[in-house]
$ cat final.cif   # mmCIF, C-alpha atoms
data_input
loop_
_atom_site.label_atom_id
_atom_site.label_comp_id
_atom_site.auth_asym_id
_atom_site.auth_seq_id
_atom_site.Cartn_x
_atom_site.Cartn_y
_atom_site.Cartn_z
CA VAL K 1 140.49 141.60 61.89
CA GLU K 2 142.64 139.75 59.37
CA THR K 3 140.98 137.80 56.58
CA LEU K 4 142.23 134.55 55.10
CA ALA K 5 141.70 133.69 51.44
CA VAL K 6 139.46 130.63 51.26
CA ASP K 7 138.37 128.67 48.19
CA SER K 8 134.98 127.01 47.99
CA THR K 9 136.73 123.67 47.75
CA VAL K 10 138.05 124.18 51.26
CA GLN K 11 134.66 123.32 52.67
CA ASN K 12 134.80 119.93 51.00
CA SER K 13 138.09 119.16 52.76
CA GLN K 14 137.25 120.77 56.12
CA MET K 15 136.50 117.51 57.84
CA SER K 16 139.90 116.02 57.08
CA GLY K 17 141.59 119.28 58.01
CA ARG K 18 139.81 119.42 61.34
CA MET K 19 141.38 116.13 62.34
CA ARG K 20 144.93 117.50 62.30
CA GLY K 21 146.13 117.92 65.86
CA LYS K 22 143.22 115.82 67.19
CA ASP K 23 144.84 112.47 67.88
CA SER K 24 141.93 111.46 70.06
CA ALA K 25 139.40 111.69 67.24
CA SER K 26 138.87 108.36 65.49
CA SER K 27 137.72 107.84 61.92
CA SER K 28 134.36 106.63 63.21
CA GLU K 29 133.68 110.17 64.42
CA LEU K 30 133.76 111.56 60.90
CA HIS K 31 130.67 112.23 58.83
CA SER K 32 130.11 114.09 55.59
CA ASP K 33 129.41 117.83 55.75
CA GLU K 34 125.84 117.17 54.71
CA GLU K 35 125.25 114.83 57.66
CA TYR K 36 127.33 116.58 60.30
CA SER K 37 127.92 120.33 60.65
CA TRP K 38 130.90 121.83 62.45
CA ILE K 39 129.35 122.50 65.89
CA PRO K 40 127.98 118.99 66.58
CA TRP K 41 131.15 117.52 65.05
CA PHE K 42 133.36 119.54 67.39
CA CYS K 43 131.25 118.75 70.47
CA SER K 44 131.32 115.04 69.65
CA LEU K 45 135.11 114.79 69.68
CA LYS K 46 136.63 112.81 72.53
CA GLY K 47 137.81 115.37 75.06
CA ASN K 48 135.09 117.90 74.24
CA GLU K 49 132.36 116.28 76.35
CA PHE K 50 132.08 119.35 78.57
CA PHE K 51 130.77 121.50 75.68
CA CYS K 52 127.12 121.73 74.77
CA GLU K 53 125.98 122.40 71.23
CA VAL K 54 125.39 126.11 70.63
CA GLU K 55 122.45 126.86 68.35
CA ASP K 56 123.29 128.31 64.95
CA SER K 57 120.78 131.11 65.53
CA TYR K 58 122.74 132.26 68.57
CA VAL K 59 126.03 132.28 66.64
CA GLN K 60 124.43 134.11 63.72
CA ASP K 61 123.29 137.00 65.94
CA SER K 62 126.15 139.51 65.83
CA PHE K 63 125.00 141.07 69.11
CA ASN K 64 125.95 137.86 70.93
CA LEU K 65 129.46 138.06 69.49
CA THR K 66 130.20 141.68 70.41
CA GLY K 67 133.90 142.23 71.09
CA LEU K 68 135.07 138.79 69.99
CA ASP K 69 136.35 140.02 66.61
CA SER K 70 139.21 141.81 68.36
CA MET K 71 140.29 138.58 70.10
CA ILE K 72 140.47 136.28 67.08
CA PRO K 73 143.00 137.04 64.28
CA TYR K 74 140.98 135.40 61.49
CA TYR K 75 137.57 136.08 62.98
CA ASP K 76 135.48 136.23 59.80
CA ASN K 77 136.87 133.02 58.35
CA ALA K 78 136.65 131.22 61.70
CA LEU K 79 133.00 132.25 62.04
CA ASP K 80 132.28 131.00 58.50
CA LEU K 81 133.87 127.67 59.39
CA ILE K 82 131.76 127.31 62.54
CA LEU K 83 128.58 128.07 60.60
CA ASP K 84 129.58 125.91 57.61
CA ILE K 85 129.49 128.89 55.26
CA GLU K 86 131.50 128.40 52.08
CA SER K 87 134.07 131.05 51.26
CA ARG K 88 134.93 132.05 47.71
CA ASP K 89 138.56 133.12 47.58
CA ASP K 90 141.88 131.31 47.09
CA MET K 91 142.82 127.94 48.53
CA LEU K 92 144.51 127.90 51.94
CA SER K 93 147.91 126.45 52.63
CA ASP K 94 148.18 123.72 55.26
CA ASP K 95 149.58 126.21 57.79
CA GLN K 96 146.77 128.67 57.15
CA GLN K 97 144.18 125.88 57.41
CA GLU K 98 145.58 124.80 60.77
CA MET K 99 145.61 128.41 61.98
CA LEU K 100 142.01 128.85 60.87
CA GLU K 101 140.91 125.67 62.66
CA ASN K 102 142.59 126.80 65.89
CA ASP K 103 140.88 130.18 65.65
CA ALA K 104 137.53 128.50 65.02
CA GLU K 105 137.92 126.36 68.14
CA THR K 106 138.89 129.38 70.25
CA LEU K 107 136.04 131.47 68.85
CA PHE K 108 133.54 128.70 69.53
CA GLY K 109 134.83 128.36 73.09
CA LEU K 110 134.32 132.05 73.76
CA ILE K 111 130.85 131.94 72.22
CA HIS K 112 130.10 128.87 74.33
CA ALA K 113 131.04 130.73 77.53
CA ARG K 114 128.36 133.32 76.72
CA TYR K 115 125.77 130.84 75.49
CA ILE K 116 125.74 128.74 78.68
CA LEU K 117 124.70 131.83 80.64
CA THR K 118 121.48 132.10 78.61
CA SER K 119 118.28 130.23 79.46
CA ARG K 120 118.70 127.91 76.47
CA GLY K 121 122.33 127.25 77.28
CA LEU K 122 121.56 126.55 80.93
CA GLN K 123 118.89 124.06 79.87
CA ARG K 124 121.36 122.20 77.69
CA MET K 125 123.94 122.08 80.46
CA LEU K 126 121.21 120.88 82.84
CA VAL K 127 120.74 117.76 80.73
CA LYS K 128 124.48 117.07 80.80
CA TYR K 129 124.63 117.70 84.56
CA ARG K 130 121.82 115.27 85.29
CA GLU K 131 123.52 112.62 83.19
CA LYS K 132 126.84 113.33 84.97
CA HIS K 133 128.67 114.12 81.73
CA PHE K 134 131.06 116.30 83.74
CA GLY K 135 131.86 113.56 86.25
CA VAL K 136 131.51 113.40 90.02
CA CYS K 137 133.37 114.97 92.94
CA PRO K 138 136.58 113.11 93.87
CA ASN K 139 135.91 113.86 97.55
CA VAL K 140 134.60 110.56 98.93
CA LEU K 141 132.52 112.41 101.52
CA CYS K 142 130.49 113.99 98.71
CA ARG K 143 129.30 110.51 97.67
CA ASP K 144 129.47 110.86 93.89
CA GLN K 145 127.98 114.32 93.79
CA ALA K 146 127.72 115.57 90.20
CA VAL K 147 130.03 118.50 89.33
CA LEU K 148 130.03 121.36 86.85
CA PRO K 149 132.86 122.85 84.75
CA ILE K 150 134.23 126.21 85.87
CA GLY K 151 136.99 128.58 84.83
CA LEU K 152 139.14 130.25 87.47
CA SER K 153 139.55 133.14 85.04
CA ASP K 154 137.44 134.68 82.28
CA GLN K 155 140.58 135.47 80.29
CA LEU K 156 142.07 133.19 77.64
CA ASP K 157 145.26 131.21 78.24
CA GLU K 158 145.35 131.75 81.99
CA ASP K 159 144.17 128.38 83.28
CA SER K 160 142.53 125.18 82.14
CA VAL K 161 138.97 124.18 83.00
CA LYS K 162 138.28 122.92 86.54
CA LEU K 163 135.34 121.12 88.14
CA TYR K 164 133.17 122.72 90.83
CA CYS K 165 131.42 120.58 93.44
CA PRO K 166 128.27 122.20 94.87
CA LYS K 167 128.40 120.01 97.97
CA CYS K 168 131.89 120.59 99.35
CA GLU K 169 132.00 123.87 97.39
CA ASP K 170 135.55 123.28 96.21
CA VAL K 171 137.20 123.03 92.78
CA TYR K 172 139.21 120.14 91.36
CA GLU K 173 141.24 119.21 88.32
CA PRO K 174 139.36 117.09 85.78
CA GLN K 175 140.05 113.41 86.39
CA LYS K 176 140.72 112.64 82.71
CA SER K 177 143.82 114.02 81.02
CA ARG K 178 141.98 114.63 77.75
CA HIS K 179 140.21 117.59 79.37
CA GLU K 180 143.44 119.34 80.38
CA HIS K 181 143.66 121.18 77.04
CA ILE K 182 140.33 122.98 77.52
CA ASP K 183 140.66 126.65 78.42
CA GLY K 184 138.78 127.66 81.57
CA ALA K 185 137.60 130.82 79.79
CA PHE K 186 135.32 128.63 77.67
CA PHE K 187 133.14 128.21 80.79
CA GLY K 188 134.09 131.16 82.98
CA ARG K 189 133.73 131.92 86.68
CA THR K 190 130.00 132.69 86.67
CA PHE K 191 128.47 129.60 85.08
CA PRO K 192 128.11 127.05 87.94
CA HIS K 193 126.84 129.65 90.40
CA LEU K 194 124.29 131.05 87.95
CA PHE K 195 123.29 127.46 87.20
CA PHE K 196 122.31 126.79 90.81
CA LEU K 197 120.62 130.17 91.14
CA THR K 198 118.52 129.16 88.13
CA TYR K 199 117.89 125.64 89.45
CA PRO K 200 118.07 126.08 93.25
CA GLU K 201 116.33 122.76 93.83
CA LEU K 202 119.43 121.01 92.49
CA LYS K 203 121.83 122.68 94.91
CA PRO K 204 122.76 120.10 97.57
CA LYS K 205 123.25 121.10 101.17
CA PRO K 206 126.93 121.85 101.84
CA LEU K 207 128.85 119.34 103.91
CA SER K 208 128.16 119.96 107.60
CA LYS K 209 130.89 119.96 110.23
CA ASN K 210 129.82 116.46 111.23
CA GLU K 211 130.22 115.26 107.63
CA LYS K 212 133.64 116.75 107.04
CA TYR K 213 136.70 114.59 107.58
CA VAL K 214 138.36 115.14 110.95
CA PRO K 215 142.00 114.01 111.45
CA LYS K 216 142.47 111.86 114.56
CA VAL K 217 145.41 110.15 116.29
CA PHE K 218 144.56 107.16 118.49
CA GLY K 219 140.93 108.29 118.39
CA TYR K 220 141.63 111.86 119.54
CA LYS K 221 140.99 114.92 117.36
CA LEU K 222 144.08 116.90 116.50
CA HIS K 223 144.27 120.46 117.75
CA LYS K 224 144.34 123.05 114.98
CA ASN K 225 147.89 124.03 116.04
CA ALA K 226 149.15 120.47 116.42
CA TYR K 227 151.27 120.43 113.25
CA GLN K 228 152.77 123.82 114.02
CA LYS K 229 153.68 122.75 117.56
CA SER K 230 155.21 119.54 116.22
CA LEU K 231 157.30 121.50 113.70
CA GLU K 232 158.51 123.92 116.38
CA ALA K 233 159.50 121.02 118.65
CA GLN K 234 161.39 119.37 115.79
CA GLU K 235 163.29 122.57 114.96
CA LYS K 236 164.14 123.10 118.63
CA ALA K 237 165.48 119.55 118.93
CA MET K 238 167.63 119.99 115.81
CA LYS K 239 169.10 123.23 117.14
CA GLU K 240 169.92 121.62 120.48
CA LYS K 241 171.52 118.66 118.72
CA ALA K 242 173.66 120.97 116.57
CA LYS K 243 174.68 122.99 119.65
CA ALA K 244 175.69 119.84 121.56
CA LYS K 245 177.75 118.69 118.58
CA GLN K 246 179.66 121.98 118.53
CA LEU K 247 180.38 121.73 122.27
CA ARG K 248 181.90 118.27 121.85
CA ARG K 249 184.38 119.70 119.39
#
$ encode --input "final.cif" --output "structure tokens"
Amino acid sequence: VETLAVDSTVQNSQMSGRMRGKDSASSSELHSDEEYSWIPWFCSLKGNEFFCEVEDSYVQDSFNLTGLDSMIPYYDNALDLILDIESRDDMLSDDQQEMLENDAETLFGLIHARYILTSRGLQRMLVKYREKHFGVCPNVLCRDQAVLPIGLSDQLDEDSVKLYCPKCEDVYEPQKSRHEHIDGAFFGRTFPHLFFLTYPELKPKPLSKNEKYVPKVFGYKLHKNAYQKSLEAQEKAMKEKAKAKQLRR
């Protein structure tokens, strides 16, 4: 794990440094370090609505962070930033500060993926689910069913976060572009399914066959092979047309 040199004065300028690369964050979102620590600040940024606030006590327990030090280049400094711990070394350059902030965001995301699988984390995500902070299913047949964030991979940089609908049991892209930058690994593949195992009373009944959309033409249901038959007929007609054209020559 590499270590960055950080001066104590860095903490006083952290809030302004955090804003670099965050065009969506307005000045009204800023507070002094005394009033607003890093975790609630980060979760309050526009585009980070899917995250819940992870308790400091969870982050401070090294057991919960096992293995993460090998995934984050400046792990120690990033962890200090998340926990608002002042460092005592030299001042960082702008490039180093930006690198540190990126590592802090990635580290928090990986911690978040573990935290939301705990009882406390599930409770916090329950509140957000009930208030529909994650949005609703775009499938009109699901009738505004609340959704949950999910990752299609547990590995970093493989895919962005998706939304899982417990009614149609399908996954969708987030409807707002500001969520496209969130890594799916910050939520993982397990979360929504563990959530409904923990709160089974919230799991809606899946769409029945009678509720699912059925394509019809002039009131008649289409056969499952209708499109394939239509394609084969089209290809056959094109071949016959080409053959007739050659014969006329």
$ resolve_selection --input "final.cif" --expression "the PyMOL selection byres ((chain K and resi 198) around 12)" --output "count of residues only"
22
$ atom_distance --input "final.cif" --atom1 "CA of Thr66 (chain K)" --atom2 "CA of Leu110 (chain K)"
11.0 Å
$ atom_distance --input "final.cif" --atom1 "CA of Phe42 (chain K)" --atom2 "CA of Thr190 (chain K)"
23.6 Å
$ closest_residue --input "final.cif" --among "K:Cys168, K:Leu81, K:Leu100, K:Leu156" --to "Leu207 (chain K)" --atoms "all atoms listed in the file"
K:Cys168
$ resolve_selection --input "final.cif" --expression "the PyMOL selection byres ((chain K and resi 47-52) around 9)" --output "mmCIF file with C-alpha atoms, in the coordinates of the input"
data_model
loop_
_atom_site.group_PDB
_atom_site.id
_atom_site.type_symbol
_atom_site.label_atom_id
_atom_site.label_comp_id
_atom_site.auth_asym_id
_atom_site.auth_seq_id
_atom_site.Cartn_x
_atom_site.Cartn_y
_atom_site.Cartn_z
ATOM 1 C CA SER K 24 141.930 111.460 70.060
ATOM 2 C CA ALA K 25 139.400 111.690 67.240
ATOM 3 C CA PRO K 40 127.980 118.990 66.580
ATOM 4 C CA PHE K 42 133.360 119.540 67.390
ATOM 5 C CA CYS K 43 131.250 118.750 70.470
ATOM 6 C CA SER K 44 131.320 115.040 69.650
ATOM 7 C CA LEU K 45 135.110 114.790 69.680
ATOM 8 C CA LYS K 46 136.630 112.810 72.530
ATOM 9 C CA GLU K 53 125.980 122.400 71.230
ATOM 10 C CA VAL K 54 125.390 126.110 70.630
ATOM 11 C CA GLY K 109 134.830 128.360 73.090
ATOM 12 C CA HIS K 112 130.100 128.870 74.330
ATOM 13 C CA ILE K 116 125.740 128.740 78.680
ATOM 14 C CA GLY K 121 122.330 127.250 77.280
ATOM 15 C CA ARG K 124 121.360 122.200 77.690
ATOM 16 C CA MET K 125 123.940 122.080 80.460
ATOM 17 C CA LYS K 128 124.480 117.070 80.800
ATOM 18 C CA HIS K 133 128.670 114.120 81.730
ATOM 19 C CA PHE K 134 131.060 116.300 83.740
ATOM 20 C CA LEU K 148 130.030 121.360 86.850
ATOM 21 C CA PRO K 149 132.860 122.850 84.750
ATOM 22 C CA LYS K 176 140.720 112.640 82.710
ATOM 23 C CA SER K 177 143.820 114.020 81.020
ATOM 24 C CA ARG K 178 141.980 114.630 77.750
ATOM 25 C CA HIS K 179 140.210 117.590 79.370
ATOM 26 C CA GLU K 180 143.440 119.340 80.380
ATOM 27 C CA HIS K 181 143.660 121.180 77.040
ATOM 28 C CA ILE K 182 140.330 122.980 77.520
ATOM 29 C CA PHE K 186 135.320 128.630 77.670
ATOM 30 C CA PHE K 187 133.140 128.210 80.790
#
$ atom_distance --input "final.cif" --atom1 "CA of Lys212 (chain K)" --atom2 "CA of Arg143 (chain K)"
12.1 Å
$ closest_residue --input "final.cif" --among "K:Asp183, K:Glu158, K:Glu173, K:Glu86" --to "Cys137 (chain K)" --atoms "only C-alpha atoms"
K:Glu173
$ decode --input "final.cif" --residues "region 58-78 of chain K" --atoms "N, CA, C and O atoms" --output "mmCIF file, in the first residue's frame"
data_model
loop_
_atom_site.group_PDB
_atom_site.id
_atom_site.type_symbol
_atom_site.label_atom_id
_atom_site.label_comp_id
_atom_site.auth_asym_id
_atom_site.auth_seq_id
_atom_site.Cartn_x
_atom_site.Cartn_y
_atom_site.Cartn_z
ATOM 1 N N TYR K 58 -18.300 1.219 11.837
ATOM 2 C CA TYR K 58 -18.108 0.110 10.899
ATOM 3 C C TYR K 58 -16.818 0.305 10.111
ATOM 4 O O TYR K 58 -16.053 -0.645 9.911
ATOM 5 N N VAL K 59 -16.571 1.527 9.683
ATOM 6 C CA VAL K 59 -15.368 1.829 8.898
ATOM 7 C C VAL K 59 -14.117 1.692 9.758
ATOM 8 O O VAL K 59 -13.050 1.292 9.273
ATOM 9 N N GLN K 60 -14.228 2.008 11.027
ATOM 10 C CA GLN K 60 -13.084 1.962 11.932
ATOM 11 C C GLN K 60 -12.679 0.541 12.319
ATOM 12 O O GLN K 60 -11.571 0.328 12.808
ATOM 13 N N ASP K 61 -13.552 -0.424 12.093
ATOM 14 C CA ASP K 61 -13.251 -1.822 12.423
ATOM 15 C C ASP K 61 -12.467 -2.443 11.272
ATOM 16 O O ASP K 61 -13.022 -2.685 10.195
ATOM 17 N N SER K 62 -11.196 -2.705 11.483
ATOM 18 C CA SER K 62 -10.335 -3.217 10.407
ATOM 19 C C SER K 62 -10.795 -4.560 9.865
ATOM 20 O O SER K 62 -10.532 -4.896 8.708
ATOM 21 N N PHE K 63 -11.506 -5.327 10.670
ATOM 22 C CA PHE K 63 -12.013 -6.626 10.205
ATOM 23 C C PHE K 63 -12.967 -6.440 9.021
ATOM 24 O O PHE K 63 -12.969 -7.245 8.084
ATOM 25 N N ASN K 64 -13.758 -5.372 9.060
ATOM 26 C CA ASN K 64 -14.720 -5.124 7.993
ATOM 27 C C ASN K 64 -14.057 -4.706 6.688
ATOM 28 O O ASN K 64 -14.689 -4.749 5.625
ATOM 29 N N LEU K 65 -12.793 -4.305 6.771
ATOM 30 C CA LEU K 65 -12.083 -3.803 5.602
ATOM 31 C C LEU K 65 -11.054 -4.803 5.071
ATOM 32 O O LEU K 65 -10.236 -4.456 4.217
ATOM 33 N N THR K 66 -11.094 -6.013 5.559
ATOM 34 C CA THR K 66 -10.111 -7.028 5.176
ATOM 35 C C THR K 66 -10.005 -7.166 3.654
ATOM 36 O O THR K 66 -11.007 -7.339 2.961
ATOM 37 N N GLY K 67 -8.789 -7.060 3.147
ATOM 38 C CA GLY K 67 -8.533 -7.257 1.721
ATOM 39 C C GLY K 67 -8.641 -6.009 0.873
ATOM 40 O O GLY K 67 -8.176 -5.994 -0.277
ATOM 41 N N LEU K 68 -9.221 -4.948 1.397
ATOM 42 C CA LEU K 68 -9.409 -3.740 0.599
ATOM 43 C C LEU K 68 -8.116 -2.957 0.405
ATOM 44 O O LEU K 68 -7.977 -2.201 -0.552
ATOM 45 N N ASP K 69 -7.155 -3.128 1.328
ATOM 46 C CA ASP K 69 -5.894 -2.382 1.218
ATOM 47 C C ASP K 69 -5.128 -2.741 -0.048
ATOM 48 O O ASP K 69 -4.368 -1.918 -0.572
ATOM 49 N N SER K 70 -5.331 -3.949 -0.554
ATOM 50 C CA SER K 70 -4.622 -4.364 -1.770
ATOM 51 C C SER K 70 -5.301 -3.838 -3.041
ATOM 52 O O SER K 70 -4.743 -3.946 -4.137
ATOM 53 N N MET K 71 -6.476 -3.252 -2.904
ATOM 54 C CA MET K 71 -7.240 -2.778 -4.060
ATOM 55 C C MET K 71 -7.151 -1.269 -4.244
ATOM 56 O O MET K 71 -7.516 -0.753 -5.294
ATOM 57 N N ILE K 72 -6.676 -0.578 -3.228
ATOM 58 C CA ILE K 72 -6.629 0.886 -3.253
ATOM 59 C C ILE K 72 -5.185 1.343 -3.119
ATOM 60 O O ILE K 72 -4.536 1.072 -2.102
ATOM 61 N N PRO K 73 -4.625 2.038 -4.125
ATOM 62 C CA PRO K 73 -3.210 2.444 -4.066
ATOM 63 C C PRO K 73 -2.850 3.235 -2.819
ATOM 64 O O PRO K 73 -1.868 2.949 -2.147
ATOM 65 N N TYR K 74 -3.636 4.260 -2.490
ATOM 66 C CA TYR K 74 -3.337 5.098 -1.328
ATOM 67 C C TYR K 74 -4.351 4.822 -0.224
ATOM 68 O O TYR K 74 -5.055 5.725 0.240
ATOM 69 N N TYR K 75 -4.395 3.577 0.173
ATOM 70 C CA TYR K 75 -5.421 3.088 1.107
ATOM 71 C C TYR K 75 -5.429 3.855 2.434
ATOM 72 O O TYR K 75 -6.486 4.328 2.873
ATOM 73 N N ASP K 76 -4.284 3.974 3.073
ATOM 74 C CA ASP K 76 -4.234 4.590 4.402
ATOM 75 C C ASP K 76 -4.718 6.033 4.376
ATOM 76 O O ASP K 76 -5.491 6.463 5.232
ATOM 77 N N ASN K 77 -4.248 6.786 3.367
ATOM 78 C CA ASN K 77 -4.649 8.183 3.277
ATOM 79 C C ASN K 77 -6.120 8.319 2.905
ATOM 80 O O ASN K 77 -6.811 9.223 3.388
ATOM 81 N N ALA K 78 -6.600 7.426 2.044
ATOM 82 C CA ALA K 78 -8.009 7.459 1.652
ATOM 83 C C ALA K 78 -8.900 7.158 2.849
ATOM 84 O O ALA K 78 -9.946 7.786 3.048
#
